[in-house]
Amino acid sequence: MRLGAGTFAACCVVIEVLGVALFLRGFFPTPVRSSSRTEHQAEPPAPEPAAGASSNWTKLPPPLFRKVVIMLIDGLRDDFVFGSKGVKFMPYTTYLVEKGASHSFVAEAKLPTVTMPRIKALMTGSLPGFIDVVRNLNSPALLEDNVITQAKAAGKRIIFYGDETWVKLFPRHFVEYDGTTSFFVSDYTEVDDNVTRHLDKVLKRGDWDVLILHYLGLDHIGHVSGPSSPLIGHKLREMDSILMKIHTSLLSEERETLVPNLLVLCGDHGMSETGGHGASSVEELNTALILISSAFERKPGDIRRPKHVQQTDLAATLAIGLGLPIPGNSVGSLLFPTVEGRPVREQLRFLHLNAVQLSKLLQENVPSYTKEPGFEQFKMSERLHGNWIRLYLEENNSEVLFNLGAKVQRQYLDALRTLSLSLSRQVAQYDIYSMLVGTVMVLENPAHPKARWSELDVLILLGTMGHVLSLGASSFIEEEHQTWYFLINTLCLALCHEVYRNCFLRDDCEPQQCSHVEEGFVSTAPALQDRSIHCNMLEPHGVSEDPTSLDTLRGCEKWMVLASPWVILTCCRLLRSLNQTGVQWAHRPDLGHWLTSSDHKAALSLLAALSLIVIFALVQRRCSLTSKVAMALGLLGVYCYRAAIGNVLFPWQQDSKDISKGVIEARFVHVFVLGILFTGTKDLLKSQVIAADFTIKTVGLWEIYSGLVLLAALLFRPHNLPVLVFSLFIQTIMTKFIWKPLRHDAAEITIMHYWFGQAFFYFQGNSNNIATVDVSAGFVGLDTYMEVPAMFLTAFATFAGPVLWASHLVSFLSSETSSGSALGHACFCYALICSFPVSAYIILVTSLRYHLFIWSVFSPKLLYEGMHILITAAICAFFTAMDQTNTKS
């Protein structure tokens with residue numbers, strides 16, 4: 001049995017998906033658990049150093065604090081507390097920072113800056129793997145040594161309220177808990193009220209040792225409205241009042257017990273200027289960390305600027321404060337200001353315990369640990385510490401003892417800093433075998449060269465190769481949108497050149513003997529050599545006597561053909577001004593920022609309404625009457641949804657209050673989306689059974705495409721609706737005035753669709769930065785967290801550009817060809833054009849796995865490429881199904 005091109009391509013894509021999955025398994029291995037984890041918990045603490053005298057301090061120091069309250073505010077950027085917003089919206093916190101008994105820090109988080117890995121870093125002191133960005137969706141139980149497990153083993157009673165990620169990470173660790181869903185970002189009120197409602201009764205009780213509160217509302221506001229939203233100020237005021245309530249209660253309790261407590265205010269990560277997080281911008285990495293306790297002495301006029309520390313330092317500090325062993329895999333250092341008020345001997349004891357723990361971790365991970373500078377500094381510190389103990393036990397209170405103690409302290413702090421830095425820089429353990437096997441599987445994808453090449457074919461080849469080569473540089477990955485913008489602009493200029501030559505230079509040689517337009521689309525990858533060319537190679541596409549050729553176009557239509565490349569160029573230039581993306585210029589103001597500001601809501605409302613009207617005009621032309629009505633009502637529902645949540649204005653709305661949370665309006669649109677998709681699928685399946693002609697067999701494809709357009713209109717934010725409008729407009733222009741008159745073959749049309757799909761991915765404001773993923777799109781129409789729908793909606797909203805252009809490709813080829821073989825060849829070409837960059841990028845990542853930016857730049861791009869190949873697999877499966885159906889008929 002002869003294997004069709006579409007089926008063959010689908011098989012190749014399946015192999016490639018498996019290869020990419022295997023490569024990712026090797027590149028993002030499961031974190032290695034220390035075999036001595038239980039031993040770390042059971043073994044006695046290191047004794048105090050001694051030189052010439054024996055010290056009897058062999059136990060852990062007693063706890064510094066009676067109770068510890070950890071108030072974690074999700075997305076608490078450092079400037080929300082230490083900047084102008086903190087002064088304005090958090091007056092009590094600002095007072096504690098500037099004049100109270102507290103120590104303030106700017107804690108730097110590491111990648112990935114999403115919640116679950118950050119909680120692990122805070123409680124274990126270790127650096128989670130980058131793959132935790134995926135595990136963040138469904139957190140497994142944390143088996144690594146951590147402060148929570150140590151506290152439970154020591155008999156401490158822990159209470160938790162907030163993000164249910166903690167409950168998943170630490171099952172059966174809390175004597176009392178109430179988890180809230182972290183992914184339902186549309187809710188920023190109840191998600192915090194459900195935490196605060198427990199406070200009054202818990203603060204009055206004395207039957208707990210550790211209280212953990214994880215507030216999500218600030219992060220959710222960032223995802224939905226961004227860090228400049230007026231809602232941010234209201235939420236910061238709310239958090240400030242809660243902090244004051246907790247602090248006042250702890251101080252009142254201290255007056256009775258005379259034992260200090262500790263209140264920790266911290267964030268897990270920050271948020272970018274668009275409100276997302278997950279990447280490596282300063283706004284996402286820097287978080288506020290404030291330690292508040294009456295044990296911290298502060299002299300009048302003592303002004304303290306927030307010091308920069310690592311987020312992993314909190315685990316060691318909490319362990320010391322609670323009288324617990326430091327987690328065995330912690331790479332953090334004790335925040336020394338918290339113990340500065342203790343006697344010198346205790347200070348040195350704390351530093352020694354931290355240094356011993358880090359040196360053991362270094363010995364387990366670095367074979368040549370004795371040559372490490374940090375280890376040498378630690379040994380020197382230990383010897384000096386022993387000398388100090390000898391003098392101390394001799395009751396020598398001279399200035400020599402004081403000076404030596406200060407020297408030992410400095411030596412320990414330097415050793416801790418060096419050890420922590422060395423351990424943090426340890427490269428991940430790659431599974432090279434899985435990476436190599438996966439690479440070989442990906443590289444097995446076929447490539448059939450063309451026999452004859454036009455200028456456009458050469459441009460496509462060089463553009464694809466240039467894009468692949470650019471992925472070897474971190475800057476080109478961060479600014480990949482510039483590559484795609486350049487390629488489509490160059491493509492438009494090449495099309496302009498081709499149009500002008502066909503219109504004005506045809507008399508130089510005889511017309512090509514091309515087949516009809518339907519046959520023209522069949523010639524692709526393995527069969528491209530069948531297209532005959534009877535004039536010089538500068539005329540890539542001749543014109544036949546077919547009614548769609550340039551000869552038969554009337555004056556107006558001919559001028560439209562001449563103008564269409566310039567119209568497309570103009571559209572692309574306007575889209576570039578809508579959303580700044582990438583890294584270097586993402587902070588610059590753009591049209592999107594102007595439209596989303598509260599001062600221009602009327603302009604945004606007018607633009608959204610006009611965009612929805614144009615979308616209807618462009619899509620409805622090939623829909624059935626039922627689908628037209630559903631599309632019109634659905635687009636009206638889209639506007640109502642955005643008005644309900646306050647993004648745009650109703651013409652008849654007199655005040656600024658939201659009509660509802662938008663759930664009903666969004667579900668109204670979902671009904672029409674499903675109705676259109678169901679109608680299109682039913683018609684398509686019905687035509688496969690009863691129809692003999694191929695064009696009739698593809699009835700329903702446009703309805704499916706229009707249903708996806710309606711869903712994209714619902715999920716896109718109002719200022720991004722012009723992106724959808726221009727996408728449809730460019731598709732319409734190219735269909736009528738480029739692909740048909742110039743008689744491009746299926747391979748060229750497929751690659752053009754792919755290029756424009758990639759460009760529109762970036763026109764939406766996306767980048768290779770995880771922070772640009774609009775998580776709020778996953779909860780449009782949902783009033784609770786539902787994992788599968790939320791993941792689907794988020795993925796579709798993110799990759800709407802490539803998906804809509806691929807869907808249009810299927811519909812276009814099906815409507816313009818009289819046989820299904822073009823679909824099979826297009827599937828082959830699509831698989832090839834997607835496989836080539838993925839294959840090359842896997843090789844590049846393998847060779848650059850020790851690069852400085854491997855986790856901040858190359859790894860996020862690898863995840864995006866993995867998602868692209870999954871989308872390619874789904875598209876090729878649909879192509880193949882259509883091809884097989886036609887073959888059987």
# chains A, B, ... in the order shown; residues from 1 in each chain; ligands from 1
>>> residues_around(residues="stretch 356-370 of chain A", least_positions_apart="2", cutoff="7 Å", atoms="only C-alpha atoms", output="count of residues only")
11
>>> residues_around(residues="A:Val81", least_positions_apart="5", cutoff="9 Å", atoms="only C-alpha atoms", output="NGL selection string")
:A and (76 or 86-87 or 89-90 or 93-94 or 236 or 288)
>>> residues_around(residues="A:Ser475", least_positions_apart="4", cutoff="10 Å", atoms="only C-alpha atoms", output="list in words")
Ser470, Leu471, Glu479, Glu480, Gly582, Val583, Gln584 and Val857 of chain A
>>> closest_residue(among="A:Gly301, A:Pro61, A:Pro47, A:Gly206", to="A:Glu98", atoms="only C-alpha atoms")
A:Gly301
>>> select_by_dssp(residues="stretch 763-811 of chain A", states="helix (DSSP H, G or I)", output="PyMOL selection string")
chain A and resi 763+770-772+775-779+787-798+800-811
>>> atom_distance(atom1="atom CA of A:Ser182", atom2="atom CA of A:Gly162")
8.5 Å
>>> residues_around(residues="A:Ser272", least_positions_apart="3", cutoff="6 Å", atoms="only C-alpha atoms", output="JSON, numbers by chain")
{"A": [275, 276, 277, 283, 284]}
>>> write_last_selection(atoms="all heavy atoms", output="PDB file, in the first residue's frame")
ATOM      1  N   GLY A 275       2.388  42.455  34.197  1.00  0.00           N
ATOM      2  CA  GLY A 275       1.665  41.737  35.240  1.00  0.00           C
ATOM      3  C   GLY A 275       1.964  40.261  35.326  1.00  0.00           C
ATOM      4  O   GLY A 275       1.521  39.594  36.258  1.00  0.00           O
ATOM      5  N   GLY A 276       2.711  39.706  34.364  1.00  0.00           N
ATOM      6  CA  GLY A 276       3.047  38.284  34.401  1.00  0.00           C
ATOM      7  C   GLY A 276       4.311  38.027  35.199  1.00  0.00           C
ATOM      8  O   GLY A 276       4.935  38.933  35.741  1.00  0.00           O
ATOM      9  N   HIS A 277       4.699  36.780  35.246  1.00  0.00           N
ATOM     10  CA  HIS A 277       5.952  36.403  35.916  1.00  0.00           C
ATOM     11  C   HIS A 277       6.358  35.025  35.436  1.00  0.00           C
ATOM     12  O   HIS A 277       5.594  34.313  34.808  1.00  0.00           O
ATOM     13  CB  HIS A 277       5.784  36.419  37.436  1.00  0.00           C
ATOM     14  CG  HIS A 277       4.682  35.543  37.954  1.00  0.00           C
ATOM     15  ND1 HIS A 277       4.857  34.217  38.240  1.00  0.00           N
ATOM     16  CD2 HIS A 277       3.381  35.811  38.215  1.00  0.00           C
ATOM     17  CE1 HIS A 277       3.716  33.697  38.676  1.00  0.00           C
ATOM     18  NE2 HIS A 277       2.800  34.650  38.672  1.00  0.00           N
ATOM     19  N   GLU A 283      12.052  43.145  37.674  1.00  0.00           N
ATOM     20  CA  GLU A 283      10.765  43.284  38.352  1.00  0.00           C
ATOM     21  C   GLU A 283      10.204  41.940  38.801  1.00  0.00           C
ATOM     22  O   GLU A 283       9.448  41.878  39.780  1.00  0.00           O
ATOM     23  CB  GLU A 283       9.751  43.976  37.442  1.00  0.00           C
ATOM     24  CG  GLU A 283      10.063  45.415  37.111  1.00  0.00           C
ATOM     25  CD  GLU A 283      11.113  45.553  36.016  1.00  0.00           C
ATOM     26  OE1 GLU A 283      11.474  44.529  35.397  1.00  0.00           O
ATOM     27  OE2 GLU A 283      11.575  46.681  35.779  1.00  0.00           O
ATOM     28  N   GLU A 284      10.552  40.876  38.105  1.00  0.00           N
ATOM     29  CA  GLU A 284      10.078  39.541  38.483  1.00  0.00           C
ATOM     30  C   GLU A 284      10.978  38.879  39.519  1.00  0.00           C
ATOM     31  O   GLU A 284      10.510  38.051  40.308  1.00  0.00           O
ATOM     32  CB  GLU A 284       9.998  38.651  37.239  1.00  0.00           C
ATOM     33  CG  GLU A 284       8.988  39.110  36.215  1.00  0.00           C
ATOM     34  CD  GLU A 284       9.208  38.455  34.863  1.00  0.00           C
ATOM     35  OE1 GLU A 284       8.771  37.309  34.713  1.00  0.00           O
ATOM     36  OE2 GLU A 284       9.822  39.082  33.977  1.00  0.00           O
TER      37      GLU A 284
END
